[in-house]
Amino acid sequence: MRRCSGFLSRRTPTVLGLSLAALVAGACGDATTDPGGGGPRPVAHVAVLPSAAQLLPGETLQLRAVARAADDSELTGRTVGWQSFNTSVASVSATGLLTAMSSGNAVVRATIEGVSANVTVQVAKVNAVPAVSSVSPDVVETTTPVAVLTVAGTGFAVGAVILWDGTPRPAEYIGPTELRLVLGPSDLRVPGTRTLAVRNPAPGGGTSGTVSLTIAVGVSSVVVTPTELTLSVGQSATLEAKALDANGMELLGRTFTFTSSSPGAVTVNANGVVTARNVGPAIITAASGGRSADVSVTVVAPVQFVWVTPNPAAVLLGSSTQLTARTFTAGMVEVMGRTVTWSSANTDIATVDATGRVVGVAKGATRIRAESEGVVAWVDLEVRQWTSVSTLALRGFTETLVWPDVGTTTYVDSQGNTH
């Protein structure tokens with residue numbers, strides 16, 4: 001132990017001498033040295049202050065290492081060595097100045113005379129300002145019960161929210177390029193345009209630009225015409241589909257999906273063109289906006305033969321006569337309800353209506369055409385002219401005697417009988 005001279009006298013009373021000796025020892029003794037005279041006191045443990053650090057990239061913090069003896073007294077004047085085990089996240093200088101480099105975790109160690117202590121450093125990630133590129137779907141109808149929107153972009157952070165017309169909404173974080181938002185009926189009740197943006201939380205963060213979502217008037221019902229079809233194999237027909245709102249008004253520009261319950265019998269394309277493939281029934285469904293309508297289609301065997309009576313036929317000038325067409329499938333099986341189209345080869349001689357009734361227009365001959373499903377039958381028709389000659393007394397009656405110019409003489413009595 002070092003001695004201090006000139007402070008104590010050997011003649012000092014014992015009790016006072018002991019007290020002053022203790023004071024002198026406290027004033028003159030060195031806490032960094034061993035009281036037994038063996039040199040500096042050994043370092044028992046080291047503490048780093050602060051014991052943990054949380055920084056943002058670019059921030060600095062001065063660390064301090066404290067050495068303590070076994071009795072927990074502080075030992076000063078000792079040399080400290082500093083080391084970072086992840087310099088890409090945090091670096092430390094020889095003086096203990098800590099610098100945050102990038103987000104992540106790092107361990108920094110202080111060593112004094114072989115005794116070490118660690119401090120954990122967390123460098124927080126600075127969230128970027130996000131950017132949005134699209135929302136899918138970008139059109140939702142008012143009748144949609146629940147809509148799940150996918151917002152695409154870049155720089156999305158965990159904890160990001162979606163601003164629905166400026167109001168924050170919780171978003172499902174899928175990844176840095178994708179968020180999802182669920183909308184309910186109350187969100188979709190009013191048609192119009194809505195905006196969506198993404199906001200990243202601090203640190204950093206910010207708000208993106210906006211993308212638009214269109215809420216369109218929903219389809220309340222779908223109507224298709226005709227509602228029933230009967231087709232022969234090989235025939236086609238086009239369906240007309242309309243989407244209506246709740247007031248029964250047509251919603252223009254809507255797209256439809258057409259499907260067949262039996263593609264082997266009936267097929268339908270994207271434009272609603274139905275084609276009969278094989279004999280049998282099928283249901284064609286037209287759908288739009290979650291609503292649909294059905295059309296019943298029956299495919300029958302095609303017409304193979306058309307038989308028209310009478311054939312040949314004759315009609316008086318200015319008069320009419322009825323032609324009848326019958327349709328048959330293979331094996332001469334008569335089928336009813338098939339459409340027959342009538343036409344005249346020379347309408348200056350005779351005309352024919354849609355029911356097959358022929359009217360004589362001028363004396364002469366022509367042909368009448370009956371067609372069903374591409375099968376044609378012809379009828380030879382002659383238009384004859386009647387000639388009035390005189391009034392004769394016949395069987396006590398006065399009648400007008402007429403005969404056709406083909407030579408057969410007939411007359412009609414006052415009772416309406418033909419003779």
# chains A, B, ... in the order shown; residues from 1 in each chain; ligands from 1
$ closest_atom_pairs --of "segment 81-147 of chain A" --to "segment 189-192 of chain A" --cutoff "10 Å" --atoms "only C-alpha atoms" --output "tab-separated table"
residue	atom	partner	partner_atom	distance
A:Val140	CA	A:Pro191	CA	9.1
A:Glu141	CA	A:Pro191	CA	7.7
A:Thr142	CA	A:Arg189	CA	5.3
A:Thr143	CA	A:Arg189	CA	7.7
A:Thr144	CA	A:Arg189	CA	9.0
A:Pro145	CA	A:Arg189	CA	9.6
$ residues_around --residues "Asn247 of chain A" --least-positions-apart "6" --cutoff "12 Å" --atoms "only C-alpha atoms" --output "MDAnalysis selection string"
chainID A and resid 217:221
$ closest_residue --among "A:Ala106, A:Val299, A:Ala197, A:Ile215" --to "Glu228 of chain A" --atoms "only C-alpha atoms"
A:Val299
$ select_by_dssp --residues "segment 24-123 of chain A" --states "alpha helix (DSSP H)" --output "JSON list (two decimals) with N, CA and C atoms, in the first residue's frame"
[["chain", "number", "residue", "atom", "x", "y", "z"],
["A", 24, "VAL", "N", -7.39, 8.89, 5.33],
["A", 24, "VAL", "CA", -6.24, 9.05, 4.44],
["A", 24, "VAL", "C", -6.16, 7.90, 3.46],
["A", 25, "ALA", "N", -6.43, 6.71, 3.98],
["A", 25, "ALA", "CA", -6.38, 5.54, 3.08],
["A", 25, "ALA", "C", -7.40, 5.68, 1.99],
["A", 26, "GLY", "N", -8.62, 6.20, 2.34],
["A", 26, "GLY", "CA", -9.66, 6.37, 1.31],
["A", 26, "GLY", "C", -9.29, 7.43, 0.32],
["A", 27, "ALA", "N", -8.57, 8.48, 0.82],
["A", 27, "ALA", "CA", -8.23, 9.56, -0.09],
["A", 27, "ALA", "C", -7.04, 9.23, -0.93],
["A", 28, "CYS", "N", -6.11, 8.48, -0.39],
["A", 28, "CYS", "CA", -4.86, 8.24, -1.08],
["A", 28, "CYS", "C", -4.83, 6.93, -1.83]]
$ atom_distance --atom1 "atom CA of Gly364 of chain A" --atom2 "atom CA of Ser343 of chain A"
16.7 Å
$ closest_residue --among "A:Arg194, A:Arg180, A:Arg78, A:Arg68" --to "Ser136 of chain A" --atoms "only C-alpha atoms"
A:Arg180
$ closest_residue --among "A:Gln322, A:Thr257, A:Thr351, A:Thr207" --to "Ala365 of chain A" --atoms "only C-alpha atoms"
A:Thr351
$ residues_around --residues "segment 336-339 of chain A" --least-positions-apart "5" --cutoff "8 Å" --atoms "only C-alpha atoms" --output "list in words"
Arg326, Thr327, Ser372 and Glu373 of chain A
$ residues_around --residues "Leu55 of chain A" --least-positions-apart "5" --cutoff "7 Å" --atoms "only C-alpha atoms" --output "list in words"
Ala100, Gln122, Val123 and Ala124 of chain A
$ residues_around --residues "Thr329 of chain A" --least-positions-apart "6" --cutoff "7 Å" --atoms "only C-alpha atoms" --output "PDB file with C-alpha atoms, in the first residue's frame"
ATOM      1  CA  ALA A 301     -84.237 -35.916 -87.491  1.00  0.00           C
ATOM      2  CA  PRO A 302     -83.994 -33.834 -90.673  1.00  0.00           C
ATOM      3  CA  VAL A 303     -86.616 -33.722 -93.413  1.00  0.00           C
ATOM      4  CA  GLN A 304     -85.783 -36.034 -96.306  1.00  0.00           C
ATOM      5  CA  PHE A 305     -88.899 -35.693 -98.446  1.00  0.00           C
ATOM      6  CA  VAL A 335     -93.046 -35.414 -89.021  1.00  0.00           C
TER       7      VAL A 335
END
$ closest_residue --among "A:Ala314, A:Val107, A:Val119, A:Leu179" --to "Ser51 of chain A" --atoms "only C-alpha atoms"
A:Val119
$ atom_distance --atom1 "atom CA of Arg291 of chain A" --atom2 "atom CA of Ala241 of chain A"
11.6 Å
$ atom_distance --atom1 "atom CA of Trp82 of chain A" --atom2 "atom CA of Pro40 of chain A"
21.8 Å
$ residues_around --residues "Leu61 of chain A" --least-positions-apart "5" --cutoff "10 Å" --atoms "only C-alpha atoms" --output "list in words"
Pro50, Ala53, Gln54, Leu55, Val92, Gly96, Leu97, Leu98, Thr99 and Ala100 of chain A
$ write_last_selection --atoms "all heavy atoms" --output "mmCIF file, in the first residue's frame"
data_model
loop_
_atom_site.group_PDB
_atom_site.id
_atom_site.type_symbol
_atom_site.label_atom_id
_atom_site.label_comp_id
_atom_site.auth_asym_id
_atom_site.auth_seq_id
_atom_site.Cartn_x
_atom_site.Cartn_y
_atom_site.Cartn_z
ATOM 1 N N PRO A 50 -25.701 1.904 -23.953
ATOM 2 C CA PRO A 50 -26.868 1.143 -23.490
ATOM 3 C C PRO A 50 -26.722 -0.340 -23.813
ATOM 4 O O PRO A 50 -25.907 -0.727 -24.642
ATOM 5 C CB PRO A 50 -28.017 1.772 -24.260
ATOM 6 C CG PRO A 50 -27.398 2.252 -25.522
ATOM 7 C CD PRO A 50 -26.020 2.708 -25.162
ATOM 8 N N ALA A 53 -29.774 -1.475 -28.580
ATOM 9 C CA ALA A 53 -29.915 -0.269 -29.407
ATOM 10 C C ALA A 53 -30.843 -0.544 -30.572
ATOM 11 O O ALA A 53 -30.804 -1.622 -31.191
ATOM 12 C CB ALA A 53 -28.554 0.186 -29.910
ATOM 13 N N GLN A 54 -31.696 0.429 -30.872
ATOM 14 C CA GLN A 54 -32.585 0.382 -32.031
ATOM 15 C C GLN A 54 -32.381 1.660 -32.828
ATOM 16 O O GLN A 54 -32.597 2.764 -32.316
ATOM 17 C CB GLN A 54 -34.046 0.243 -31.618
ATOM 18 C CG GLN A 54 -34.376 -1.094 -30.979
ATOM 19 C CD GLN A 54 -35.844 -1.206 -30.615
ATOM 20 O OE1 GLN A 54 -36.525 -0.207 -30.415
ATOM 21 N NE2 GLN A 54 -36.337 -2.426 -30.534
ATOM 22 N N LEU A 55 -31.962 1.496 -34.071
ATOM 23 C CA LEU A 55 -31.618 2.645 -34.895
ATOM 24 C C LEU A 55 -32.275 2.522 -36.262
ATOM 25 O O LEU A 55 -32.724 1.440 -36.674
ATOM 26 C CB LEU A 55 -30.094 2.741 -35.070
ATOM 27 C CG LEU A 55 -29.249 2.850 -33.793
ATOM 28 C CD1 LEU A 55 -27.777 2.781 -34.154
ATOM 29 C CD2 LEU A 55 -29.566 4.150 -33.064
ATOM 30 N N VAL A 92 -18.876 -0.201 -35.818
ATOM 31 C CA VAL A 92 -18.504 0.474 -34.586
ATOM 32 C C VAL A 92 -17.045 0.911 -34.700
ATOM 33 O O VAL A 92 -16.187 0.189 -35.202
ATOM 34 C CB VAL A 92 -18.723 -0.444 -33.365
ATOM 35 C CG1 VAL A 92 -17.838 -1.669 -33.415
ATOM 36 C CG2 VAL A 92 -18.538 0.335 -32.066
ATOM 37 N N GLY A 96 -16.058 3.429 -29.948
ATOM 38 C CA GLY A 96 -17.395 2.953 -29.566
ATOM 39 C C GLY A 96 -18.539 3.681 -30.238
ATOM 40 O O GLY A 96 -19.688 3.555 -29.800
ATOM 41 N N LEU A 97 -18.258 4.438 -31.313
ATOM 42 C CA LEU A 97 -19.330 5.123 -32.021
ATOM 43 C C LEU A 97 -20.010 4.121 -32.970
ATOM 44 O O LEU A 97 -19.386 3.617 -33.908
ATOM 45 C CB LEU A 97 -18.798 6.317 -32.805
ATOM 46 C CG LEU A 97 -19.862 7.125 -33.552
ATOM 47 C CD1 LEU A 97 -20.856 7.747 -32.563
ATOM 48 C CD2 LEU A 97 -19.215 8.182 -34.439
ATOM 49 N N LEU A 98 -21.285 3.857 -32.710
ATOM 50 C CA LEU A 98 -22.064 2.880 -33.469
ATOM 51 C C LEU A 98 -22.767 3.586 -34.626
ATOM 52 O O LEU A 98 -23.384 4.644 -34.431
ATOM 53 C CB LEU A 98 -23.090 2.212 -32.554
ATOM 54 C CG LEU A 98 -24.007 1.162 -33.174
ATOM 55 C CD1 LEU A 98 -23.218 -0.083 -33.571
ATOM 56 C CD2 LEU A 98 -25.118 0.789 -32.179
ATOM 57 N N THR A 99 -22.676 3.005 -35.834
ATOM 58 C CA THR A 99 -23.345 3.567 -37.010
ATOM 59 C C THR A 99 -24.228 2.501 -37.642
ATOM 60 O O THR A 99 -23.760 1.400 -37.974
ATOM 61 C CB THR A 99 -22.327 4.063 -38.052
ATOM 62 O OG1 THR A 99 -21.486 5.052 -37.454
ATOM 63 C CG2 THR A 99 -23.042 4.647 -39.262
ATOM 64 N N ALA A 100 -25.548 2.810 -37.803
ATOM 65 C CA ALA A 100 -26.489 1.884 -38.448
ATOM 66 C C ALA A 100 -26.305 1.969 -39.960
ATOM 67 O O ALA A 100 -26.370 3.054 -40.549
ATOM 68 C CB ALA A 100 -27.920 2.224 -38.066
#
$ select_by_dssp --residues "segment 318-365 of chain A" --states "strand (DSSP E or B)" --output "list in words"
Ser320, Thr321, Gln322, Thr324, Ala325, Arg326, Thr327, Phe328, Thr329, Val333, Glu334, Val335, Thr341, Trp342, Ser343, Ser344, Ala350, Thr351, Val352, Arg357, Val358, Val359, Gly360, Gly364 and Ala365 of chain A
$ closest_atom_pairs --of "segment 187-254 of chain A" --to "segment 154-172 of chain A" --cutoff "7 Å" --atoms "only C-alpha atoms" --output "CSV"
residue,atom,partner,partner_atom,distance
A:Arg194,CA,A:Asp165,CA,6.0
A:Thr195,CA,A:Asp165,CA,5.0
A:Leu196,CA,A:Trp164,CA,5.0
A:Ala197,CA,A:Leu163,CA,5.0
A:Val198,CA,A:Ile162,CA,4.6
A:Arg199,CA,A:Val161,CA,5.4
A:Asn200,CA,A:Ala160,CA,4.5
A:Pro201,CA,A:Ala160,CA,6.0
$ closest_residue --among "A:Asn118, A:Asn346, A:Thr309, A:Ser208" --to "Gln83 of chain A" --atoms "only C-alpha atoms"
A:Asn118
